[in-house]
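Below is one structure; the comments refer to it alone.
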Amino acid sequence: MIIKNKIIKRLFVVAAAIFAISVFCTWQNNAITTTLIDYSNAKIPEEFNGFRVVHISDLHNKQFGQNQEPLLKKIHAVSPDIIVVTGDLIDRRKYDLDTAMVFINGAMKIAPVYYVSGNHEAWSGDYKNICEKLLSSGVQILDDTKATLFKGKGKIEILGLSDPDFLTSSYMDGTNSSKLKEQLERLSDDAVFQILLCHRPELFDIYVSENIDLIFSGHAHGGQVRIPFIGALVAPDQGLLPKYTSGAYTKNQSTMIVSRGLGNSIIPIRIFNRPEIVVVTLRSE
């Protein structure tokens, strides 16, 4: 009888542990957090002081409730002037453009949306159709081009770079950044405050070499698993203990803000790494 009671207690403890872990993982993968960042730069025109940018990355077809309402409500709550999307809106392994467009159509009702491709769009085999859908919804696609925003007499530029994996077929091929470098040299202008959208944080030194002021990036998924007091565990194209995974990084006059993203791809869970909306408020000095 005593042995039987011990077995029951152990089974109860194991079941409770499994339940607790399941609840924790569900929360980690679905409870969206909003990160607020103030960014100051003397090049920002006075007219753009207080201009608010919401940064979305790596949705990977993830669904947050019915019609993405929890995600869209959080974006609406911060009253953005624009929304920028830095790639991997879809996932090539569980491709679902309709789900991606539910988010896009909802976001367009909140603020103008600017978008650049990620490696999953590059490898989807359906990028032409993705672009057609985005354009029909009013999204401004900035692959290897730029847009100018005006407020009164002030202006800023938003640049975008096509993901380099349009030149490769898998992670095994590495990254061919030759075209990306050429396009950035063509688009950069140190006389104007410039925001760059590019999926790849590991290419930060290239952005720095062109004196880009503010860069929005994703791709790293926050390192997928974040170890307390240590940081990110692994990220694509950066390997173990990656350098650029979350938050702001500054070098010379360039600051790169990396989103932890919202969805998952190969690795289906996040640990100490909740899905993230980044909100950046521009401040003129």
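Each chain in the structure tokens gets a letter, A, B and so on, in the order shown; residues start at 1 in every chain, and ligands are counted from 1 in the order they appear.
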
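Residues with any atom within 10 Å of Ala111 in chain A, counting only C-alpha atoms and excluding same-chain neighbours fewer than 6 positions away, are Val53, Val54, Ile75, His76, Ser79, Pro80, Asp81, Ile82, Ile83 and Val84 of chain A.
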
Neighbouring residues of Cys131 in chain A were defined as those with any atom within 10 Å, considering only C-alpha atoms; residues of the same chain fewer than 2 positions away were excluded. Please report them as a ChimeraX atom specification. /A:115,117,121,126-129,133-137,139-141

As an MDAnalysis selection string, please: every residue in range 104-221 of chain A that a backbone DSSP assignment puts in alpha helix (DSSP H). chainID A and resid 104:108 119:122 127:136 178:187 204:209

I'd like to know which residues of range 102-153 of chain A are strand (DSSP E) (by DSSP, run on the backbone); could you write them as a list in words?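 Matching residues for strand (DSSP E) in range 102-153 of chain A are Val113, Tyr114, Tyr115, Val116, Gln140, Ile141, Thr145, Lys146, Ala147, Thr148, Leu149, Phe150 and Lys151 of chain A.
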
Export of prior selection with N, CA, C and O atoms as an mmCIF file, in the first residue's frame:
data_model
loop_
_atom_site.group_PDB
_atom_site.id
_atom_site.type_symbol
_atom_site.label_atom_id
_atom_site.label_comp_id
_atom_site.auth_asym_id
_atom_site.auth_seq_id
_atom_site.Cartn_x
_atom_site.Cartn_y
_atom_site.Cartn_z
ATOM 1 N N VAL A 113 1.702 50.581 -44.425
ATOM 2 C CA VAL A 113 2.603 49.457 -44.194
ATOM 3 C C VAL A 113 3.719 49.452 -45.237
ATOM 4 O O VAL A 113 3.452 49.548 -46.448
ATOM 5 N N TYR A 114 4.961 49.333 -44.761
ATOM 6 C CA TYR A 114 6.138 49.223 -45.620
ATOM 7 C C TYR A 114 6.763 47.852 -45.375
ATOM 8 O O TYR A 114 6.930 47.434 -44.233
ATOM 9 N N TYR A 115 7.158 47.192 -46.453
ATOM 10 C CA TYR A 115 7.539 45.778 -46.345
ATOM 11 C C TYR A 115 8.794 45.469 -47.145
ATOM 12 O O TYR A 115 9.010 46.027 -48.236
ATOM 13 N N VAL A 116 9.636 44.573 -46.608
ATOM 14 C CA VAL A 116 10.716 43.961 -47.386
ATOM 15 C C VAL A 116 10.666 42.448 -47.191
ATOM 16 O O VAL A 116 10.131 41.948 -46.194
ATOM 17 N N GLN A 140 3.408 49.125 -49.397
ATOM 18 C CA GLN A 140 4.538 49.614 -50.187
ATOM 19 C C GLN A 140 5.696 48.635 -50.022
ATOM 20 O O GLN A 140 6.262 48.513 -48.936
ATOM 21 N N ILE A 141 6.018 47.939 -51.112
ATOM 22 C CA ILE A 141 7.120 46.977 -51.102
ATOM 23 C C ILE A 141 8.414 47.723 -51.417
ATOM 24 O O ILE A 141 8.515 48.388 -52.447
ATOM 25 N N THR A 145 14.561 49.437 -53.149
ATOM 26 C CA THR A 145 14.069 50.760 -53.528
ATOM 27 C C THR A 145 13.849 51.576 -52.262
ATOM 28 O O THR A 145 14.151 51.122 -51.160
ATOM 29 N N LYS A 146 13.376 52.805 -52.410
ATOM 30 C CA LYS A 146 13.145 53.632 -51.229
ATOM 31 C C LYS A 146 11.933 54.523 -51.427
ATOM 32 O O LYS A 146 11.468 54.759 -52.540
ATOM 33 N N ALA A 147 11.415 55.010 -50.304
ATOM 34 C CA ALA A 147 10.277 55.923 -50.306
ATOM 35 C C ALA A 147 10.650 57.138 -49.470
ATOM 36 O O ALA A 147 11.427 57.041 -48.512
ATOM 37 N N THR A 148 10.109 58.282 -49.838
ATOM 38 C CA THR A 148 10.347 59.517 -49.105
ATOM 39 C C THR A 148 9.072 59.928 -48.379
ATOM 40 O O THR A 148 8.005 59.966 -48.972
ATOM 41 N N LEU A 149 9.216 60.211 -47.087
ATOM 42 C CA LEU A 149 8.091 60.665 -46.281
ATOM 43 C C LEU A 149 8.262 62.149 -45.996
ATOM 44 O O LEU A 149 9.351 62.592 -45.599
ATOM 45 N N PHE A 150 7.188 62.909 -46.181
ATOM 46 C CA PHE A 150 7.217 64.349 -45.958
ATOM 47 C C PHE A 150 6.258 64.729 -44.836
ATOM 48 O O PHE A 150 5.147 64.193 -44.730
ATOM 49 N N LYS A 151 6.707 65.658 -43.991
ATOM 50 C CA LYS A 151 5.833 66.299 -43.014
ATOM 51 C C LYS A 151 6.219 67.769 -42.991
ATOM 52 O O LYS A 151 7.311 68.122 -42.543
#

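Comparing A:Thr33, A:Thr245, A:Ser169, A:Thr99 by their smallest distance to His120 in chain A, the closest is A:Ser169 (using only C-alpha atoms).
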
From A:Leu184, A:Ile90, A:Ala42, A:Leu241, residue lying nearest Ile206 in chain A [only C-alpha atoms]: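 Nearest candidate to Ile206 in chain A out of A:Leu184, A:Ile90, A:Ala42, A:Leu241: A:Leu184.
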
Please tabulate, as CSV, the residues of range 1-62 of chain A that come within 6 Å of range 260-275 of chain A, each with its closest pair of atoms and the distance in Å to one decimal, counting only C-alpha atoms and ordering rows by chain, then residue number upward.
residue,atom,partner,partner_atom,distance
A:Gln28,CA,A:Arg274,CA,4.9
A:Asn29,CA,A:Arg270,CA,5.7
A:Ile32,CA,A:Pro275,CA,4.9
A:Ser57,CA,A:Gly261,CA,4.8
A:Asp58,CA,A:Gly261,CA,4.8
A:Leu59,CA,A:Gly263,CA,4.6
A:His60,CA,A:Gly263,CA,5.2
A:Lys62,CA,A:Gly263,CA,5.2

Expected file contents, prior selection, N, CA, C and O atoms, as a compact mmCIF listing (two decimals), in the first residue's frame:
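Below is the file that was written, out-v8.txt:
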# COMPACT_ATOMS: atom_id res chain seq x y z
N GLN A 28 4.60 31.41 -23.47
CA GLN A 28 5.79 31.94 -24.11
C GLN A 28 5.59 32.13 -25.62
O GLN A 28 6.15 33.04 -26.22
N ASN A 29 4.80 31.28 -26.24
CA ASN A 29 4.61 31.33 -27.68
C ASN A 29 3.47 32.23 -28.13
O ASN A 29 3.37 32.53 -29.32
N ILE A 32 1.95 38.12 -26.47
CA ILE A 32 2.73 39.14 -27.18
C ILE A 32 3.17 40.24 -26.21
O ILE A 32 2.39 40.73 -25.39
N SER A 57 8.07 41.57 -37.46
CA SER A 57 8.96 40.70 -38.21
C SER A 57 8.65 39.24 -37.93
O SER A 57 8.12 38.89 -36.87
N ASP A 58 8.95 38.38 -38.90
CA ASP A 58 8.93 36.92 -38.73
C ASP A 58 7.59 36.40 -38.17
O ASP A 58 7.57 35.66 -37.20
N LEU A 59 6.52 36.78 -38.81
CA LEU A 59 5.21 36.27 -38.40
C LEU A 59 5.08 34.78 -38.72
O LEU A 59 4.45 34.03 -37.98
N HIS A 60 5.65 34.34 -39.83
CA HIS A 60 5.69 32.92 -40.20
C HIS A 60 4.30 32.26 -40.15
O HIS A 60 4.16 31.13 -39.67
N LYS A 62 1.94 32.68 -38.28
CA LYS A 62 1.42 32.50 -36.93
C LYS A 62 0.06 33.19 -36.80
O LYS A 62 -0.13 34.31 -37.27

In Å, with one decimal, what is the gap from CA of Glu185 in chain A to CA of Phe216 in chain A?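 Pair CA of Glu185 in chain A / CA of Phe216 in chain A returns 17.5 Å.
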
Find the residues near Asp163 in chain A: any atom within 9 Å, counting only C-alpha atoms, skip ones fewer than 2 places away on the same chain, and give them as a list in words. Gly87, Val116, Ser117, Gly118, Asn119, Glu121, Ala122, Asp143, Leu161, Asp165, Phe166, Leu167, Ser177, Leu180, Cys198, His199 and Arg200 of chain A

Spatial neighbours of Gln253 in chain A, 10 Å, only C-alpha atoms, chain gap at least 5 places, as JSON, numbers by chain: {"A": [41, 208, 209, 210, 211, 212, 213, 214]}

Expressed in Å to a single decimal, how great is the separation between CA of Val225 in chain A and CA of Phe64 in chain A?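 Computing it gives 20.3 Å between the two atoms.
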
Looking at A:Ile110, A:Ala31, A:Lys9, A:Asp144, which one is nearest to Ala77 in chain A, with distances taken over only C-alpha atoms? A:Ile110

Could you check the closest approach to Asn67 in chain A for each of A:Asp38, A:Asp98, A:Glu132, A:Asp91 and tell me which residue wins, using only C-alpha atoms?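 Of A:Asp38, A:Asp98, A:Glu132, A:Asp91, the one nearest Asn67 in chain A is A:Asp98, counting only C-alpha atoms.
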
What's the 7 Å shell around Ser217 in chain A, counting only C-alpha atoms, without same-chain residues fewer than 2 positions away, as a VMD selection string? chain A and resid 86 197 to 201 215 219 257 to 259

Save the residues we just selected, C-alpha atoms, as a tab-separated table (two decimals), in the first residue's frame?
chain	number	residue	atom	x	y	z
A	86	THR	CA	10.94	43.07	-42.17
A	197	LEU	CA	14.43	47.78	-43.65
A	198	CYS	CA	16.40	44.58	-44.12
A	199	HIS	CA	15.68	41.08	-42.84
A	200	ARG	CA	19.30	40.27	-41.89
A	201	PRO	CA	20.86	41.52	-38.63
A	215	ILE	CA	18.01	49.88	-39.31
A	219	HIS	CA	15.46	36.87	-38.83
A	257	ILE	CA	16.96	47.44	-33.89
A	258	VAL	CA	16.36	43.70	-34.05
A	259	SER	CA	12.89	42.29	-33.43

Between A:Phe48, A:Phe103, A:Phe19, A:Phe12, which residue has the minimum interatomic distance to Leu72 in chain A, considering only C-alpha atoms?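 Looking at the shortest contact to Leu72 in chain A, the residue is A:Phe103.
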
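Among the candidate residues A:Ile227, A:Phe204, A:Gln183, A:Thr255, the one lying nearest to Lys243 in chain A is A:Phe204, with distances computed using only C-alpha atoms.
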